[in-house]
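Novice: Next comes upload21.txt, compact mmCIF, C-alpha atoms:
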```txt
# COMPACT_ATOMS: atom_id res chain seq x y z
CA MET A 1 -2.99 10.51 17.51
CA ALA A 2 -0.89 11.52 14.50
CA LYS A 3 -2.08 10.84 10.99
CA PRO A 4 -0.41 7.84 9.37
CA VAL A 5 2.23 8.93 6.88
CA ILE A 6 2.01 7.25 3.49
CA MET A 7 4.53 7.66 0.72
CA ILE A 8 3.56 6.82 -2.87
CA VAL A 9 6.30 6.10 -5.43
CA ASP A 10 4.97 5.89 -8.97
CA ASP A 11 6.25 7.35 -12.25
CA GLU A 12 2.72 8.17 -13.47
CA GLU A 13 1.73 11.66 -12.30
CA ASP A 14 -2.00 11.06 -12.77
CA ILE A 15 -1.84 8.00 -10.50
CA LEU A 16 0.09 9.99 -7.88
CA MET A 17 -2.46 12.82 -7.88
CA PHE A 18 -5.49 10.50 -7.88
CA VAL A 19 -4.27 8.25 -5.07
CA LYS A 20 -2.92 11.16 -3.01
CA TYR A 21 -6.26 12.97 -3.25
CA ASN A 22 -8.22 9.91 -2.11
CA LEU A 23 -5.86 9.09 0.75
CA GLU A 24 -5.75 12.67 2.04
CA LYS A 25 -9.54 12.82 1.84
CA ASP A 26 -9.56 9.82 4.18
CA GLY A 27 -7.21 11.43 6.72
CA PHE A 28 -3.76 10.25 5.71
CA ASP A 29 -0.65 12.44 5.47
CA VAL A 30 0.64 11.69 1.95
CA THR A 31 3.99 12.34 0.29
CA THR A 32 4.72 11.41 -3.32
CA SER A 33 7.68 10.75 -5.55
CA SER A 34 7.68 10.11 -9.28
CA ASP A 35 11.23 8.74 -9.30
CA ALA A 36 12.52 5.60 -7.56
CA GLU A 37 15.91 7.05 -6.54
CA GLU A 38 14.23 10.17 -5.16
CA GLY A 39 11.72 7.91 -3.40
CA ILE A 40 14.49 6.06 -1.55
CA LYS A 41 16.03 9.36 -0.40
CA LEU A 42 12.63 10.71 0.64
CA ALA A 43 11.78 7.52 2.53
CA ASN A 44 15.05 7.80 4.47
CA LYS A 45 14.21 11.38 5.32
CA ILE A 46 10.55 11.10 6.37
CA LYS A 47 10.34 7.46 7.57
CA PRO A 48 6.75 6.84 6.40
CA ASP A 49 4.46 4.34 8.10
CA LEU A 50 3.56 2.79 4.74
CA ILE A 51 5.11 2.93 1.28
CA LEU A 52 2.92 2.33 -1.77
CA LEU A 53 5.29 1.33 -4.55
CA ASP A 54 4.87 0.76 -8.28
CA VAL A 55 6.82 -2.13 -9.81
CA MET A 56 7.45 -0.75 -13.31
CA MET A 57 9.51 2.42 -13.13
CA PRO A 58 12.41 3.70 -15.24
CA LYS A 59 16.01 3.34 -14.02
CA ILE A 60 15.23 1.32 -10.85
CA ASP A 61 12.17 -0.88 -10.60
CA GLY A 62 10.03 -1.23 -7.51
CA ILE A 63 11.42 -4.67 -6.65
CA GLU A 64 14.92 -3.19 -6.34
CA VAL A 65 13.59 -0.26 -4.29
CA CYS A 66 11.86 -2.64 -1.90
CA GLN A 67 15.01 -4.76 -1.53
CA GLU A 68 17.14 -1.70 -0.82
CA LEU A 69 14.71 -0.39 1.79
CA ARG A 70 14.48 -3.81 3.47
CA ARG A 71 18.28 -3.93 3.82
CA ASN A 72 17.99 -0.85 6.05
CA PRO A 73 16.91 -1.85 9.61
CA SER A 74 15.14 1.49 10.08
CA PHE A 75 12.45 0.18 7.68
CA ASP A 76 11.83 -3.07 9.56
CA ASN A 77 8.46 -1.79 10.81
CA THR A 78 7.53 0.10 7.64
CA ILE A 79 4.80 -1.49 5.58
CA ILE A 80 5.68 -1.79 1.91
CA ALA A 81 2.80 -2.49 -0.45
CA PHE A 82 3.17 -2.82 -4.19
CA PHE A 83 0.52 -1.00 -6.20
CA THR A 84 0.99 -1.99 -9.80
CA ALA A 85 -0.59 -3.10 -13.06
CA ARG A 86 1.62 -6.21 -12.98
CA GLY A 87 -0.85 -8.82 -11.76
CA GLU A 88 0.87 -12.01 -12.91
CA TYR A 89 1.46 -14.53 -10.15
CA TYR A 90 5.24 -14.56 -10.76
CA SER A 91 5.38 -10.76 -10.36
CA GLN A 92 3.50 -11.07 -7.09
CA ILE A 93 5.87 -13.80 -5.90
CA GLU A 94 8.89 -11.60 -6.70
CA GLY A 95 7.22 -8.73 -4.84
CA PHE A 96 6.80 -10.79 -1.70
CA LYS A 97 10.32 -12.25 -2.02
CA SER A 98 11.69 -8.71 -2.13
CA GLY A 99 10.10 -7.94 1.24
CA ALA A 100 6.66 -6.56 0.43
CA ASP A 101 3.83 -6.87 2.94
CA ALA A 102 1.08 -6.62 0.33
CA TYR A 103 0.58 -6.64 -3.43
CA LEU A 104 -2.33 -4.63 -4.82
CA THR A 105 -3.13 -4.49 -8.52
CA LYS A 106 -4.30 -1.52 -10.57
CA PRO A 107 -6.93 -0.48 -11.29
CA VAL A 108 -8.54 -0.53 -7.87
CA GLN A 109 -11.53 1.30 -6.46
CA PRO A 110 -10.33 4.11 -4.15
CA LYS A 111 -12.45 2.88 -1.22
CA LEU A 112 -10.99 -0.61 -1.56
CA LEU A 113 -7.45 0.78 -1.66
CA VAL A 114 -8.09 2.84 1.48
CA ALA A 115 -9.63 -0.19 3.25
CA ASN A 116 -6.58 -2.30 2.36
CA LEU A 117 -4.15 0.31 3.65
CA LYS A 118 -6.11 0.81 6.87
CA ALA A 119 -6.07 -2.96 7.47
CA LEU A 120 -2.30 -3.08 6.94
CA LEU A 121 -1.74 -0.15 9.29
CA LYS A 122 -4.04 -1.66 11.92
CA ARG A 123 -2.11 -4.91 11.82
CA ARG A 124 1.12 -2.95 12.24
CA SER A 125 -0.18 -1.07 15.29
CA ILE A 126 -1.33 -4.35 16.87
CA ASP A 127 2.12 -5.88 16.31
CA GLU A 128 3.86 -2.85 17.81
CA SER A 129 1.69 -2.95 20.91
CA GLU A 130 2.81 -6.48 21.75
CA PRO A 131 5.47 -6.66 24.46
CA GLN A 132 8.94 -7.02 22.97
CA VAL A 133 10.42 -8.67 26.10
CA GLU A 134 8.77 -11.57 27.86
CA THR A 135 9.94 -13.36 30.98
CA ILE A 136 8.87 -16.90 31.71
CA GLY A 137 10.41 -18.08 34.97
CA ARG A 138 14.14 -17.60 34.58
CA ILE A 139 13.93 -17.36 30.80
CA ARG A 140 13.91 -13.91 29.19
CA ILE A 141 12.86 -13.58 25.54
CA ASP A 142 13.76 -10.36 23.72
CA LYS A 143 11.85 -10.37 20.41
CA ASN A 144 13.95 -7.52 19.03
CA SER A 145 17.19 -9.46 19.26
```
Rewrite the structure from the file as structure tokens, please.
Specialist:
Amino acid sequence: MAKPVIMIVDDEEDILMFVKYNLEKDGFDVTTSSDAEEGIKLANKIKPDLILLDVMMPKIDGIEVCQELRRNPSFDNTIIAFFTARGEYYSQIEGFKSGADAYLTKPVQPKLLVANLKALLKRRSIDESEPQVETIGRIRIDKNS
């Protein structure tokens, strides 16, 4: 089975290096971007399984990045988790409204971060293993459409 691909988008280089190190140590394939616009282009290129996204970034904030990615149907099954110092409830609400699957606040213990990401990825693999077409008598249900 292939390693899950995680992309981290954060403008703080020390955060990128620290999180990348801990995720790779735990068996993930990790790509990073320190710029939101570059992150969108990179996400379109590599199609990661999970995107870990900071909220506060220059030029384009993480909320806008999440909204743009969610407008693209090729990211329907991509997990987007905010990883940010913004812990206020209204920031979290905006994160979920923009299409995020999770909202994790900094600082976080590396083992807890890894456990959270594994749980999100496990839930995704369970959802994908469910049949997308069901037939009940003469009724056919296509969950994709």
Novice: Set the distance at 7 Å and use all atoms listed in the file: which residues neighbour A:Ala100 once local chain neighbours fewer than 6 positions away are removed? I'd like the list as JSON, numbers by chain.
Specialist: {"A": [66, 80, 81, 82]}
Novice: Between atom CA of A:Gly27 and atom CA of A:Ala115, what distance in Å does the model show, to one decimal?
Specialist: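 Distance reported for this atom pair: 12.4 Å.
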Novice: Restricting the calculation to only C-alpha atoms, which member of A:Leu53, A:Lys59, A:Glu64, A:Pro4 is positioned closest to A:Glu24?
Specialist: A:Pro4
Novice: May I ask which of the residues A:Leu69, A:Met57, A:Leu23, A:Val30 is the closest one to A:Asn44, counting only C-alpha atoms?
Specialist: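 Using only C-alpha atoms, A:Asn44 sits closest to A:Leu69.
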Novice: If I take atom CA of A:Gln109 and atom CA of A:Glu94, how far is one from the other in Å, to one decimal?
Specialist: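 A separation of 24.2 Å between them.
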Novice: Kindly give the distance, in Å, that separates atom CA of A:Leu121 and atom CA of A:Leu50, rounded to a single decimal.
Specialist: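 Taking atom CA of A:Leu121 as the start and atom CA of A:Leu50 as the end point, the length is 7.6 Å.
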Novice: Hey, what's within 12 Å of A:Leu42 if we count all atoms listed in the file and toss same-chain stuff fewer than 5 positions away? As number ranges by chain, please?
Specialist: A: 6-9, 31-37, 47-48, 51, 69
Novice: List as a PDB file with C-alpha atoms, in the frame of the given file the protein and nucleic acid residues near A:Tyr89, meaning an atom at most 12 Å away when all atoms listed in the file are counted, but skip any in the same chain fewer than 6 places from it.
Specialist:
```pdb
ATOM      1  CA  GLY A  95       7.220  -8.730  -4.840  1.00  0.00           C
ATOM      2  CA  PHE A  96       6.800 -10.790  -1.700  1.00  0.00           C
ATOM      3  CA  TYR A 103       0.580  -6.640  -3.430  1.00  0.00           C
ATOM      4  CA  LEU A 104      -2.330  -4.630  -4.820  1.00  0.00           C
ATOM      5  CA  THR A 105      -3.130  -4.490  -8.520  1.00  0.00           C
TER       6      THR A 105
END
```
Novice: Each side padded by 5 Å, which centre and which edge lengths in Å (one decimal) define the axis-aligned box around the listed atoms of stretch 72-75 of chain A? Give them as JSON.
Specialist:
```
{"center_x": 15.2, "center_y": -0.2, "center_z": 8.1, "size_x": 15.5, "size_y": 13.3, "size_z": 14.0}
```
Novice: Looking at all atoms listed in the file, which of A:Phe83, A:Gly62, A:Glu38, A:Arg71 is the one that sits closest to A:Pro107?
Specialist: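 Distance minimum relative to A:Pro107 lands on A:Phe83.
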Novice: With distances taken over only C-alpha atoms, which residue among A:Leu16, A:Val65, A:Ala2, A:Ile79 lies nearest A:Asp29?
Specialist: A:Ala2
Novice: Using all atoms listed in the file, find the one residue out of A:Met56, A:Pro110, A:Val19, A:Ser74 that sits nearest to A:Arg86.
Specialist: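 Comparing A:Met56, A:Pro110, A:Val19, A:Ser74 against A:Arg86, the winner is A:Met56.
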Novice: Take stretch 46-70 of chain A, bring it up to N, CA and C atoms, and give me the output as a compact mmCIF listing (two decimals), in the frame of the given file.
Specialist:
```txt
# COMPACT_ATOMS: atom_id res chain seq x y z
N ILE A 46 11.81 10.94 5.65
CA ILE A 46 10.55 11.10 6.37
C ILE A 46 10.11 9.87 7.16
N LYS A 47 10.69 8.71 6.88
CA LYS A 47 10.34 7.46 7.57
C LYS A 47 8.82 7.24 7.61
N PRO A 48 8.21 7.01 6.45
CA PRO A 48 6.75 6.84 6.40
C PRO A 48 6.30 5.56 7.11
N ASP A 49 5.04 5.54 7.49
CA ASP A 49 4.46 4.34 8.10
C ASP A 49 4.22 3.27 7.04
N LEU A 50 3.89 3.71 5.83
CA LEU A 50 3.56 2.79 4.74
C LEU A 50 4.07 3.38 3.43
N ILE A 51 4.65 2.52 2.60
CA ILE A 51 5.11 2.93 1.28
C ILE A 51 4.31 2.16 0.24
N LEU A 52 3.68 2.90 -0.66
CA LEU A 52 2.92 2.33 -1.77
C LEU A 52 3.82 2.47 -3.00
N LEU A 53 4.19 1.35 -3.59
CA LEU A 53 5.29 1.33 -4.55
C LEU A 53 4.88 0.66 -5.86
N ASP A 54 5.12 1.35 -6.97
CA ASP A 54 4.87 0.76 -8.28
C ASP A 54 6.03 -0.17 -8.62
N VAL A 55 5.76 -1.21 -9.40
CA VAL A 55 6.82 -2.13 -9.81
C VAL A 55 7.56 -1.58 -11.03
N MET A 56 6.83 -1.16 -12.05
CA MET A 56 7.45 -0.75 -13.31
C MET A 56 7.76 0.74 -13.30
N MET A 57 9.04 1.04 -13.09
CA MET A 57 9.51 2.42 -13.13
C MET A 57 10.83 2.46 -13.90
N PRO A 58 11.13 3.60 -14.53
CA PRO A 58 12.41 3.70 -15.24
C PRO A 58 13.59 3.71 -14.26
N LYS A 59 14.75 3.37 -14.76
CA LYS A 59 16.01 3.34 -14.02
C LYS A 59 16.02 2.20 -13.01
N ILE A 60 15.28 2.34 -11.91
CA ILE A 60 15.23 1.32 -10.85
C ILE A 60 13.79 0.88 -10.72
N ASP A 61 13.56 -0.43 -10.75
CA ASP A 61 12.17 -0.88 -10.60
C ASP A 61 11.80 -1.01 -9.12
N GLY A 62 10.52 -1.17 -8.87
CA GLY A 62 10.03 -1.23 -7.51
C GLY A 62 10.57 -2.38 -6.69
N ILE A 63 10.85 -3.51 -7.34
CA ILE A 63 11.42 -4.67 -6.65
C ILE A 63 12.77 -4.29 -6.04
N GLU A 64 13.61 -3.62 -6.83
CA GLU A 64 14.92 -3.19 -6.34
C GLU A 64 14.79 -2.16 -5.21
N VAL A 65 13.82 -1.26 -5.34
CA VAL A 65 13.59 -0.26 -4.29
C VAL A 65 13.22 -0.96 -2.99
N CYS A 66 12.30 -1.91 -3.09
CA CYS A 66 11.86 -2.64 -1.90
C CYS A 66 13.04 -3.38 -1.25
N GLN A 67 13.85 -4.05 -2.06
CA GLN A 67 15.01 -4.76 -1.53
C GLN A 67 15.98 -3.82 -0.83
N GLU A 68 16.22 -2.66 -1.44
CA GLU A 68 17.14 -1.70 -0.82
C GLU A 68 16.59 -1.19 0.51
N LEU A 69 15.31 -0.86 0.54
CA LEU A 69 14.71 -0.39 1.79
C LEU A 69 14.74 -1.48 2.87
N ARG A 70 14.50 -2.71 2.50
CA ARG A 70 14.48 -3.81 3.47
C ARG A 70 15.87 -4.12 4.02
```
